[in-house]
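*Asks:* File follows, coords.txt with compact mmCIF, C-alpha atoms and all ligand atoms:
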# COMPACT_ATOMS: atom_id res chain seq x y z
CA MET X 7 -24.65 -13.42 -1.65
CA LYS X 8 -24.52 -10.01 -3.26
CA SER X 9 -26.26 -9.64 -6.59
CA ARG X 10 -24.45 -8.69 -9.79
CA GLY X 11 -26.31 -5.37 -9.49
CA CYS X 12 -24.41 -4.27 -6.42
CA PHE X 13 -21.01 -2.61 -6.75
CA THR X 14 -19.50 -3.47 -3.40
CA GLY X 15 -19.12 -7.26 -3.79
CA SER X 16 -15.37 -7.11 -4.56
CA LEU X 17 -14.46 -4.59 -1.86
CA SER X 18 -13.30 -5.14 1.70
CA SER X 19 -14.85 -3.20 4.61
CA GLN X 20 -11.65 -1.15 4.77
CA GLN X 21 -12.00 -0.21 1.10
CA LEU X 22 -15.64 0.79 1.57
CA ILE X 23 -14.56 3.05 4.43
CA GLU X 24 -11.82 4.50 2.21
CA LEU X 25 -14.27 5.28 -0.59
CA ASP X 26 -16.53 7.00 1.90
CA ALA X 27 -13.65 8.89 3.48
CA CYS X 28 -12.42 10.72 0.35
CA THR X 29 -13.09 14.42 0.92
CA GLN X 30 -12.49 15.32 -2.75
CA CYS X 31 -9.75 17.66 -1.53
CA GLY X 32 -7.64 17.09 -4.66
CA GLU X 33 -4.35 16.96 -2.73
CA CYS X 34 -3.38 13.76 -4.59
CA LEU X 35 -3.70 15.31 -8.06
CA THR X 36 -0.27 16.95 -7.94
CA PHE X 37 1.39 13.56 -7.55
CA CYS X 38 -0.48 11.59 -10.21
CA PRO X 39 1.83 10.81 -13.16
CA ILE X 40 -1.13 10.32 -15.48
CA GLN X 41 -2.40 13.81 -14.66
CA ASP X 42 1.06 15.13 -15.62
CA VAL X 43 0.94 13.68 -19.12
CA ASN X 44 -2.77 13.45 -19.80
CA SER X 45 -4.98 15.52 -17.55
CA LYS X 46 -8.27 13.76 -18.34
CA PRO X 47 -10.44 14.56 -15.30
CA SER X 48 -12.03 11.07 -15.44
CA ILE X 49 -8.71 9.45 -14.42
CA SER X 50 -8.15 11.65 -11.38
CA PRO X 51 -8.41 9.80 -8.05
CA PRO X 52 -11.24 11.94 -6.57
CA GLU X 53 -13.28 11.69 -9.79
CA LYS X 54 -12.96 7.88 -9.93
CA ILE X 55 -14.07 7.74 -6.31
CA ARG X 56 -16.94 10.19 -6.88
CA VAL X 57 -18.29 8.20 -9.84
CA PHE X 58 -17.94 4.87 -8.05
CA ARG X 59 -19.80 6.27 -5.05
CA GLU X 60 -22.61 7.26 -7.47
CA PHE X 61 -22.76 3.65 -8.69
CA ILE X 62 -23.06 2.44 -5.09
CA LYS X 63 -25.72 5.04 -4.28
CA ALA X 64 -27.80 4.12 -7.33
CA THR X 65 -27.73 0.42 -6.53
CA GLU X 66 -27.44 0.21 -2.74
CA GLY X 67 -28.34 3.65 -1.34
CA LEU X 68 -31.44 4.35 0.74
CA LYS X 69 -33.62 5.14 -2.29
CA ALA X 70 -32.39 2.00 -4.05
CA ARG X 71 -33.32 -0.06 -1.00
CA LEU X 72 -36.77 1.57 -0.71
CA PHE X 73 -37.71 1.80 -4.37
CA GLY X 74 -35.35 -0.61 -6.09
CA PRO X 75 -31.92 -0.10 -7.69
CA ARG X 76 -31.45 2.22 -10.66
CA ASP X 77 -29.81 0.98 -13.85
CA ILE X 78 -26.44 2.53 -14.56
CA ASP X 79 -25.95 3.88 -18.04
CA ARG X 80 -23.67 1.49 -19.97
CA LYS X 81 -21.68 4.38 -21.50
CA LEU X 82 -20.95 5.77 -18.03
CA LEU X 83 -19.79 2.32 -16.90
CA GLU X 84 -17.53 2.01 -19.94
CA GLU X 85 -16.02 5.46 -19.38
CA PHE X 86 -15.35 4.65 -15.75
CA THR X 87 -13.78 1.32 -16.72
CA LYS X 88 -11.43 3.04 -19.18
CA ALA X 89 -10.42 5.54 -16.48
CA VAL X 90 -9.75 2.93 -13.82
CA PHE X 91 -7.67 0.86 -16.27
CA GLU X 92 -5.68 3.87 -17.52
CA CYS X 93 -4.27 4.48 -14.04
CA THR X 94 -0.82 2.93 -13.51
CA THR X 95 -1.80 1.86 -9.95
CA CYS X 96 1.43 3.54 -8.83
CA GLY X 97 -0.12 4.45 -5.48
CA ALA X 98 1.32 7.98 -5.36
CA CYS X 99 -2.21 9.31 -4.78
CA GLY X 100 -2.54 7.05 -1.74
CA GLN X 101 0.88 8.07 -0.41
CA HIS X 102 -0.22 11.69 -0.37
CA CYS X 103 -3.89 11.13 0.44
CA THR X 104 -5.05 13.27 3.33
CA VAL X 105 -7.26 10.46 4.67
CA GLY X 106 -4.86 7.56 4.05
CA ILE X 107 -6.53 5.68 1.19
CA PHE X 108 -4.40 2.65 0.16
CA SER X 109 -4.84 3.20 -3.55
CA GLN X 110 -2.39 0.49 -4.72
CA ARG X 111 -5.07 -1.99 -3.69
CA LEU X 112 -8.24 0.11 -4.12
CA TRP X 113 -7.85 0.67 -7.90
CA PRO X 114 -7.17 -3.03 -8.68
CA GLN X 115 -10.28 -3.94 -6.67
CA LEU X 116 -12.39 -1.48 -8.67
CA ARG X 117 -10.96 -3.10 -11.80
CA LYS X 118 -11.98 -6.50 -10.44
CA GLU X 119 -15.53 -5.21 -10.03
CA MET X 120 -15.60 -4.06 -13.66
CA VAL X 121 -14.25 -7.44 -14.81
CA ARG X 122 -16.98 -9.17 -12.77
CA ARG X 123 -19.52 -7.10 -14.72
CA GLY X 124 -17.96 -8.11 -18.05
CA ILE X 125 -16.90 -4.51 -18.88
CA GLY X 126 -13.19 -4.88 -18.14
CA PRO X 127 -10.38 -5.51 -18.72
CA ILE X 128 -9.14 -3.40 -21.63
CA GLY X 129 -7.57 -4.54 -24.90
CA GLY X 130 -4.93 -7.25 -24.79
CA GLN X 131 -5.24 -7.63 -21.00
CA ALA X 132 -8.29 -9.84 -21.63
CA LYS X 133 -6.09 -12.48 -23.25
CA MET X 134 -3.76 -12.78 -20.26
CA PRO X 135 -5.56 -15.60 -18.40
CA GLU X 136 -5.59 -17.83 -21.47
CA VAL X 137 -2.01 -16.96 -22.40
CA ILE X 138 -0.79 -17.64 -18.85
CA ARG X 139 -2.71 -20.91 -18.78
CA ASN X 140 -1.02 -22.00 -22.04
CA THR X 141 2.53 -20.73 -21.57
CA GLY X 142 2.89 -19.87 -17.86
CA ASN X 143 3.73 -16.24 -18.70
CA PRO X 144 1.71 -13.21 -19.87
CA TYR X 145 3.94 -12.61 -22.92
CA ASN X 146 2.88 -15.78 -24.80
CA LEU X 147 6.50 -16.92 -25.05
CA PRO X 148 7.57 -20.56 -24.83
CA ALA X 149 8.02 -21.82 -21.26
CA LYS X 150 11.08 -23.84 -22.31
CA ASP X 151 12.90 -20.60 -23.29
CA ARG X 152 12.35 -18.95 -19.90
CA PHE X 153 15.92 -19.37 -18.64
CA ASP X 154 17.80 -20.38 -21.78
CA PRO X 155 19.19 -17.24 -23.34
CA TRP X 156 20.56 -15.66 -20.17
CA PHE X 157 21.31 -18.24 -17.51
CA PRO X 158 25.13 -18.38 -17.14
CA ALA X 159 26.56 -21.87 -17.62
CA ALA X 160 28.97 -21.33 -14.69
CA VAL X 161 26.14 -20.87 -12.16
CA GLU X 162 24.95 -24.01 -10.40
CA VAL X 163 21.34 -24.57 -9.33
CA ALA X 164 20.83 -26.97 -6.42
CA GLU X 165 18.06 -29.55 -6.47
CA THR X 166 16.96 -28.43 -3.00
CA ALA X 167 18.14 -25.52 -0.84
CA ASP X 168 16.95 -23.14 1.88
CA THR X 169 17.01 -20.32 -0.68
CA ALA X 170 15.12 -20.31 -3.97
CA TYR X 171 15.37 -17.80 -6.78
CA TYR X 172 12.29 -16.84 -8.78
CA ALA X 173 13.28 -15.04 -12.01
CA GLY X 174 9.77 -13.82 -12.88
CA CYS X 175 8.30 -13.43 -16.37
CA THR X 176 9.31 -9.82 -17.09
CA GLY X 177 12.88 -10.36 -15.96
CA ALA X 178 13.29 -13.68 -17.75
CA TYR X 179 11.87 -12.50 -21.06
CA SER X 180 12.40 -8.71 -21.15
CA ALA X 181 15.14 -7.69 -18.70
CA GLN X 182 17.73 -10.44 -19.01
CA PRO X 183 20.74 -8.41 -17.82
CA MET X 184 18.86 -8.06 -14.53
CA VAL X 185 18.12 -11.74 -13.94
CA LYS X 186 21.59 -12.72 -15.11
CA GLY X 187 22.97 -10.20 -12.59
CA ASP X 188 20.82 -11.73 -9.84
CA VAL X 189 22.20 -15.25 -10.22
CA LEU X 190 25.78 -13.97 -10.60
CA VAL X 191 25.39 -12.09 -7.30
CA LEU X 192 24.04 -15.24 -5.62
CA LYS X 193 26.99 -17.22 -6.94
CA ALA X 194 29.51 -14.57 -5.84
CA ALA X 195 27.98 -14.52 -2.34
CA GLY X 196 28.35 -18.32 -2.16
CA GLU X 197 24.61 -18.75 -1.58
CA PRO X 198 23.38 -22.20 -2.65
CA PHE X 199 20.00 -21.76 -4.31
CA THR X 200 17.36 -23.79 -6.05
CA MET X 201 14.94 -22.93 -8.84
CA LEU X 202 11.84 -24.52 -10.31
CA PRO X 203 12.15 -25.99 -13.83
CA PRO X 204 11.17 -23.37 -16.49
CA GLU X 205 7.78 -25.00 -17.14
CA ASP X 206 6.95 -24.87 -13.41
CA GLU X 207 8.14 -21.34 -12.70
CA VAL X 208 4.82 -19.86 -13.80
CA CYS X 209 3.62 -16.27 -13.46
CA CYS X 210 3.33 -15.00 -9.87
CA GLY X 211 -0.19 -13.78 -10.68
CA PHE X 212 0.50 -10.05 -10.46
CA PRO X 213 -0.70 -9.10 -13.99
CA LEU X 214 -3.94 -10.99 -13.36
CA PHE X 215 -4.36 -9.46 -9.91
CA VAL X 216 -3.72 -5.90 -11.03
CA SER X 217 -5.99 -6.22 -14.06
CA GLY X 218 -8.83 -7.51 -11.88
CA GLN X 219 -8.84 -11.03 -13.37
CA HIS X 220 -8.72 -13.14 -10.24
CA ASP X 221 -10.23 -16.46 -11.37
CA MET X 222 -6.95 -18.35 -11.84
CA LEU X 223 -5.05 -16.76 -8.98
CA GLU X 224 -5.69 -19.26 -6.25
CA ASP X 225 -4.59 -22.22 -8.41
CA LEU X 226 -1.52 -20.44 -9.72
CA ILE X 227 -0.39 -19.32 -6.27
CA LYS X 228 -1.04 -22.67 -4.57
CA ARG X 229 0.87 -24.43 -7.33
CA LEU X 230 3.93 -22.21 -6.83
CA VAL X 231 3.85 -22.25 -3.03
CA GLU X 232 3.54 -26.05 -2.94
CA ALA X 233 6.40 -26.46 -5.43
CA TYR X 234 8.76 -24.36 -3.29
CA ARG X 235 7.54 -26.04 -0.12
CA ALA X 236 8.32 -29.45 -1.62
CA LYS X 237 11.91 -28.25 -2.10
CA GLY X 238 12.16 -27.23 1.57
CA VAL X 239 12.61 -23.56 0.72
CA LYS X 240 12.86 -21.07 3.60
CA MET X 241 13.49 -17.90 1.61
CA LEU X 242 12.23 -17.00 -1.86
CA LEU X 243 14.25 -14.29 -3.61
CA CYS X 244 13.11 -12.20 -6.57
CA SER X 245 14.12 -9.02 -8.34
CA CYS X 246 10.74 -7.95 -9.61
CA PRO X 247 8.96 -5.58 -7.19
CA CYS X 248 5.56 -6.69 -8.50
CA CYS X 249 6.40 -10.33 -7.66
CA VAL X 250 7.69 -9.35 -4.20
CA ASN X 251 4.62 -7.21 -3.65
CA ILE X 252 1.96 -9.78 -4.50
CA MET X 253 3.91 -12.60 -2.87
CA SER X 254 4.26 -10.84 0.46
CA ARG X 255 0.92 -9.03 0.56
CA ASP X 256 -1.55 -11.26 -1.29
CA TRP X 257 -0.14 -14.78 -1.64
CA PRO X 258 -0.96 -15.64 2.01
CA ILE X 259 -4.59 -14.62 1.39
CA PHE X 260 -4.94 -16.78 -1.74
CA TYR X 261 -2.91 -19.61 -0.16
CA GLY X 262 -5.22 -19.48 2.85
CA GLN X 263 -2.46 -19.35 5.47
CA LYS X 264 0.99 -17.98 6.26
CA LEU X 265 3.53 -18.86 3.59
CA PRO X 266 6.04 -21.57 4.57
CA PHE X 267 8.92 -19.28 3.47
CA LYS X 268 9.97 -15.63 3.60
CA ILE X 269 9.87 -13.37 0.57
CA ARG X 270 12.89 -11.12 -0.09
CA HIS X 271 13.88 -8.69 -2.83
CA MET X 272 17.36 -9.20 -4.28
CA THR X 273 18.47 -5.79 -2.98
CA GLN X 274 17.69 -6.96 0.58
CA PHE X 275 19.81 -10.05 0.05
CA ALA X 276 22.70 -8.14 -1.55
CA ALA X 277 22.74 -5.33 1.04
CA GLU X 278 22.97 -7.92 3.82
CA ALA X 279 25.65 -9.91 1.94
CA LEU X 280 27.74 -6.73 1.57
CA ARG X 281 27.29 -5.94 5.26
CA SER X 282 28.34 -9.42 6.37
CA GLY X 283 31.30 -9.53 3.97
CA LYS X 284 29.92 -12.43 1.87
CA LEU X 285 30.00 -10.07 -1.10
CA LYS X 286 32.98 -7.86 -1.80
CA ILE X 287 33.08 -5.10 -4.36
CA ARG X 288 36.38 -5.31 -6.23
CA ARG X 289 36.21 -2.36 -8.60
CA GLU X 290 35.74 1.38 -8.35
CA LEU X 291 33.05 3.13 -10.33
CA PRO X 292 33.74 6.85 -10.63
CA GLU X 293 30.21 7.70 -11.74
CA ARG X 294 27.30 9.89 -10.75
CA LEU X 295 24.37 7.45 -10.38
CA ILE X 296 20.69 8.20 -9.97
CA TYR X 297 18.38 5.51 -8.59
CA HIS X 298 14.71 5.16 -9.54
CA ASP X 299 12.50 3.66 -6.79
CA PRO X 300 9.90 1.27 -8.25
CA CYS X 301 6.38 2.05 -6.94
CA TYR X 302 5.60 -1.51 -5.89
CA LEU X 303 8.90 -1.81 -4.03
CA SER X 304 9.03 1.60 -2.33
CA ARG X 305 5.41 2.49 -1.60
CA GLY X 306 4.36 -1.13 -2.01
CA VAL X 307 6.56 -2.89 0.54
CA GLY X 308 8.74 -0.10 1.96
CA ILE X 309 12.10 -1.16 0.45
CA THR X 310 14.00 2.09 -0.20
CA GLU X 311 17.19 1.91 1.85
CA GLU X 312 18.74 -1.38 0.68
CA PRO X 313 19.29 -0.30 -2.96
CA ARG X 314 20.97 2.86 -1.65
CA ILE X 315 23.15 0.84 0.75
CA ILE X 316 24.36 -1.17 -2.25
CA LEU X 317 25.05 1.86 -4.44
CA ARG X 318 26.78 3.78 -1.63
CA SER X 319 29.02 0.74 -1.01
CA ILE X 320 30.58 1.10 -4.46
CA PRO X 321 33.83 3.07 -4.20
CA GLY X 322 33.79 6.17 -6.39
CA VAL X 323 30.01 6.37 -6.77
CA GLN X 324 28.24 9.65 -6.21
CA LEU X 325 24.58 8.88 -5.59
CA ILE X 326 22.11 11.59 -6.50
CA GLU X 327 18.31 11.61 -6.14
CA PHE X 328 15.28 12.41 -8.25
CA ASP X 329 13.10 15.24 -6.92
CA ARG X 330 10.65 12.54 -5.90
CA TYR X 331 12.37 9.53 -4.41
CA GLY X 332 11.86 6.78 -1.84
CA VAL X 333 8.19 6.30 -0.97
CA ASN X 334 7.42 9.50 -2.88
CA SER X 335 8.92 8.24 -6.13
CA ARG X 336 7.34 8.91 -9.50
CA CYS X 337 6.05 6.01 -11.61
CA CYS X 338 8.18 4.93 -14.62
CA GLY X 339 4.98 4.61 -16.66
CA ALA X 340 4.88 0.82 -16.84
CA GLY X 341 2.66 0.07 -13.86
CA GLY X 342 -0.80 -1.45 -13.60
CA ALA X 343 -0.55 -3.63 -16.74
CA ALA X 344 -1.40 -0.41 -18.62
CA ARG X 345 1.89 -0.15 -20.51
CA LYS X 346 0.78 -1.94 -23.67
CA VAL X 347 -2.78 -0.63 -23.54
CA TYR X 348 -1.87 3.04 -23.12
CA PRO X 349 1.67 3.21 -24.56
CA GLU X 350 1.55 7.00 -25.12
CA ASN X 351 1.07 7.61 -21.39
CA ALA X 352 3.73 5.02 -20.50
CA ASN X 353 6.30 6.52 -22.87
CA ALA X 354 5.59 10.11 -21.84
CA ILE X 355 5.99 9.23 -18.15
CA GLY X 356 9.11 7.14 -18.83
CA ARG X 357 10.64 10.02 -20.76
CA SER X 358 10.17 12.44 -17.89
CA THR X 359 12.32 10.08 -15.78
CA ILE X 360 14.98 10.10 -18.52
CA ASP X 361 14.78 13.90 -18.83
CA GLU X 362 15.19 14.50 -15.11
CA ALA X 363 18.14 12.09 -14.89
CA VAL X 364 19.82 13.84 -17.85
CA LYS X 365 19.08 17.29 -16.39
CA LYS X 366 20.70 16.23 -13.13
CA LYS X 367 23.77 15.14 -15.09
CA ALA X 368 23.66 11.52 -13.96
CA ASP X 369 26.09 9.23 -15.77
CA ARG X 370 23.77 6.29 -15.35
CA LEU X 371 20.18 5.61 -14.34
CA ILE X 372 19.82 2.59 -12.05
CA PHE X 373 16.73 0.40 -11.68
CA SER X 374 15.69 -2.46 -9.45
CA CYS X 375 12.63 -3.51 -11.45
CA PRO X 376 12.40 -5.25 -14.84
CA ALA X 377 9.31 -3.28 -15.88
CA CYS X 378 10.94 0.11 -15.12
CA TYR X 379 14.06 -1.07 -16.98
CA ALA X 380 12.08 -2.19 -20.05
CA GLN X 381 9.82 0.89 -20.03
CA VAL X 382 12.60 3.47 -19.78
CA ASN X 383 14.63 1.58 -22.37
CA GLU X 384 11.64 1.79 -24.72
CA GLY X 385 11.09 5.47 -23.85
CA MET X 386 14.59 6.22 -25.12
CA LEU X 387 13.71 5.08 -28.68
CA ASN X 388 13.46 8.20 -30.89
CA HIS X 389 13.84 10.43 -27.83
CA ASP X 390 16.18 13.40 -28.01
CA ARG X 391 17.66 12.71 -24.55
CA GLN X 392 19.59 9.52 -23.86
CA ILE X 393 21.17 8.07 -20.73
CA ARG X 394 22.93 4.81 -19.93
CA ILE X 395 20.77 2.52 -17.83
CA ALA X 396 21.50 -0.53 -15.70
CA ASP X 397 19.74 -2.79 -13.29
CA ILE X 398 21.26 -2.64 -9.83
CA MET X 399 22.19 -6.38 -9.84
CA GLU X 400 23.56 -6.11 -13.36
CA LEU X 401 25.79 -3.31 -12.11
CA LEU X 402 26.75 -5.02 -8.85
CA SER X 403 27.59 -8.31 -10.59
CA SER X 404 29.95 -6.46 -12.94
CA LEU X 405 31.87 -5.07 -9.96
CA ILE X 406 32.20 -8.32 -8.04
CA GLU X 407 32.56 -10.86 -10.85
CA GLN X 408 35.77 -10.18 -12.70
CA ASP X 409 35.29 -12.30 -15.78
CA GLU X 410 31.58 -13.08 -16.14
CA ASN X 411 30.07 -9.95 -17.57
CA SER X 412 30.05 -6.21 -17.79
CA ALA X 413 27.24 -3.87 -16.86
CA SER X 414 28.07 -1.46 -19.66
S1 LIG X 501 -2.36 5.21 -8.65
FE1 LIG X 501 -0.90 6.61 -9.64
S2 LIG X 501 -1.66 6.82 -11.77
FE2 LIG X 501 -3.33 5.92 -10.56
S3 LIG X 501 -4.56 7.67 -9.92
FE3 LIG X 501 -3.11 7.27 -8.25
S4 LIG X 501 -1.34 8.60 -8.68
FE4 LIG X 501 -2.59 8.50 -10.58
S1 LIG X 502 -6.07 13.15 -1.35
FE1 LIG X 502 -7.38 11.40 -0.70
S2 LIG X 502 -9.17 12.45 0.16
FE2 LIG X 502 -8.15 13.99 -1.11
S3 LIG X 502 -9.10 13.80 -3.17
FE3 LIG X 502 -7.29 12.49 -3.16
S4 LIG X 502 -8.10 10.46 -2.64
FE4 LIG X 502 -9.66 11.95 -1.99
Can the structure in the file be given as structure tokens, please?
Ligand code: SF4
Ligand code: SF4
*Replies:*
Amino acid sequence: MKSRGCFTGSLSSQQLIELDACTQCGECLTFCPIQDVNSKPSISPPEKIRVFREFIKATEGLKARLFGPRDIDRKLLEEFTKAVFECTTCGACGQHCTVGIFSQRLWPQLRKEMVRRGIGPIGGQAKMPEVIRNTGNPYNLPAKDRFDPWFPAAVEVAETADTAYYAGCTGAYSAQPMVKGDVLVLKAAGEPFTMLPPEDEVCCGFPLFVSGQHDMLEDLIKRLVEAYRAKGVKMLLCSCPCCVNIMSRDWPIFYGQKLPFKIRHMTQFAAEALRSGKLKIRRELPERLIYHDPCYLSRGVGITEEPRIILRSIPGVQLIEFDRYGVNSRCCGAGGAARKVYPENANAIGRSTIDEAVKKKADRLIFSCPACYAQVNEGMLNHDRQIRIADIMELLSSLIEQDENSAS
């Protein structure tokens, strides 16, 4: 077993190779949203890698092995921890990395190492495990209220079904037009679906994973997987890219085997339902729309085309693009559980999305992620530029459901 002194205990062989491979070329710097709003050198990808390599050298390098490991200055460790937790984990650096570093997983693993040493996480993130244990969500809100304020009375939930819908904590508590839109789309497509009771639909584990606090993850994930398995579920649908990301990439690792069901984002379901004719758009929308790709959906799991298929299917819509879109999209500012800890960064990044959408004369800014939705909404407070925003399922449900709701 590796000692607490060594820095490589949390990292996979692939990640060790990645750390070694960084050439310090700086190519990634242009794409880092944090560098755009706050150019602290400590947060830059090559600097984080350089410093971490120094930690490894001091504790596991040749000299350390011959003469014993060196102590790392506590202040240096704290500065590094702040830098690695200030990153939004958007993965843009990895997308443009000349040696192919998968940064959406490297940074969270470095965070995990700092948590293991008792130096991370930062601020309110430290309370998340206890809050999730008590309430099932990271927002410390009552589990019984998870579905209450938004779930439409006209939508039926089956006791068991091949398809299950997972609302997710951010959608259920902070982006209710989105989750309401999801279930209205399922109803309109005639898709029978089941859900867990509100007390059992606990957090998917993403905030704990991304903040390096992995202790509860296995229990949380096994509990959810077993609950859906008991209902005979074959496909689990969600709207939150972070849920989809951790479920498809990391749940099988924590579960210890292949999941007994497929994971799908709601845009994948809706694009297919439009193609097969299960969903029919009944209204025109003569608007110029701009779509923001969420980092954990686009770079994270490669879903970029389905949201565009949906938007292009709406008669009258003119779809325009951000300068950076698809897998090259720019973070909304909310990623990496850093939104509440570094709100100035998050708001400044969110506002640049608003500004670009306004500059491009979009009538509406469309999201497919509850965190992007909530962040950009917040960024609009006291901002001189304003734009209408909507979640893609909120919008779609308003065009297929005549009487249920409106996306305006
Ligand atoms: S993940 Fe995003 S915010 Fe973090 S260093 Fe890379 S580009 Fe910057
Ligand atoms: S692009 Fe890749 S190799 Fe170059 S500095 Fe950034 S992380 Fe290192």
*Asks:* If we count all atoms listed in the file and set the cut-off at 8 Å, which residues sit around segment 54-60 of chain X, ignoring sequence neighbours fewer than 4 positions away in its own chain? Please answer as a ChimeraX atom specification.
*Replies:* /X:25-26,28,30,48-50,64,86,89-90
*Asks:* Selected residues, C-alpha atoms, written as a PDB file, keeping the file's coordinate frame, please.
*Replies:*
ATOM      1  CA  LEU X  25     -14.270   5.280  -0.590  1.00  0.00           C
ATOM      2  CA  ASP X  26     -16.530   7.000   1.900  1.00  0.00           C
ATOM      3  CA  CYS X  28     -12.420  10.720   0.350  1.00  0.00           C
ATOM      4  CA  GLN X  30     -12.490  15.320  -2.750  1.00  0.00           C
ATOM      5  CA  SER X  48     -12.030  11.070 -15.440  1.00  0.00           C
ATOM      6  CA  ILE X  49      -8.710   9.450 -14.420  1.00  0.00           C
ATOM      7  CA  SER X  50      -8.150  11.650 -11.380  1.00  0.00           C
ATOM      8  CA  ALA X  64     -27.800   4.120  -7.330  1.00  0.00           C
ATOM      9  CA  PHE X  86     -15.350   4.650 -15.750  1.00  0.00           C
ATOM     10  CA  ALA X  89     -10.420   5.540 -16.480  1.00  0.00           C
ATOM     11  CA  VAL X  90      -9.750   2.930 -13.820  1.00  0.00           C
TER      12      VAL X  90
END
*Asks:* For Glu162 of chain X, work out the shell of residues within 12 Å, counting all atoms listed in the file and skipping chain neighbours fewer than 6 positions away, then give it as a PyMOL selection string.
*Replies:* chain X and resi 171+189-190+192-194+196-201
*Asks:* If we count only C-alpha atoms, what is near segment 292-304 of chain X at a cut-off of 6 Å, once residues fewer than 2 positions away on the same chain are taken out, given as a PyMOL selection string?
*Replies:* chain X and resi 96+247-248+306-310+322-327+332-333+335+368-373
*Asks:* Between X:Cys31, X:Ala132, X:Ile269, X:Ile320, which has the minimum distance to Pro213 of chain X (counting all atoms listed in the file)?
*Replies:*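 Nearest candidate to Pro213 of chain X out of X:Cys31, X:Ala132, X:Ile269, X:Ile320: X:Ala132.
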*Asks:* Could the residues that lie within 9 Å of ligand LIG 502 (chain X), counting all atoms listed in the file, be listed as a list in words?
*Replies:*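 Listed by chain and ascending number, the contacts are Glu24, Leu25, Ala27, Cys28, Thr29, Gln30, Cys31, Gly32, Glu33, Cys34, Leu35, Ser50, Pro51, Pro52, Glu53, Ile55, Arg56, Cys99, Gly100, Gln101, His102, Cys103, Thr104, Val105, Gly106, Ile107 and Ser109 of chain X.
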*Asks:* Of the candidates X:Pro39, X:Pro155, X:Pro135, X:Gly124, which shows the shortest atom-to-atom distance to ligand LIG 501 (chain X), using all atoms listed in the file?
*Replies:*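 Closest to ligand LIG 501 (chain X), using all atoms listed in the file: X:Pro39.
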*Asks:* Looking at X:Gly67, X:Pro376, X:Gly97, X:Gly130, which one is nearest to ligand LIG 501 (chain X), with distances taken over only C-alpha atoms and all ligand atoms?
*Replies:*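 Result for the nearest residue to ligand LIG 501 (chain X): X:Gly97.
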*Asks:* Just checking: using only C-alpha atoms and all ligand atoms, which residue out of X:Arg305, X:Lys366, X:Lys346, X:Lys284 ends up closest to ligand LIG 501 (chain X)?
*Replies:* X:Arg305
*Asks:* Given only C-alpha atoms and all ligand atoms as the basis, pick out the residue of X:Ile23, X:Ile287, X:Ile315, X:Cys93 nearest to ligand LIG 501 (chain X).
*Replies:*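 Among X:Ile23, X:Ile287, X:Ile315, X:Cys93, it is X:Cys93 that comes nearest to ligand LIG 501 (chain X).
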*Asks:* Around the point (15.4, -12.2, -2.1), in the coordinates given by the file, pick out the residues reaching within 8 Å, counting all atoms listed in the file, and return them as a VMD selection string.
*Replies:* chain X and resid 171 241 to 245 269 to 275
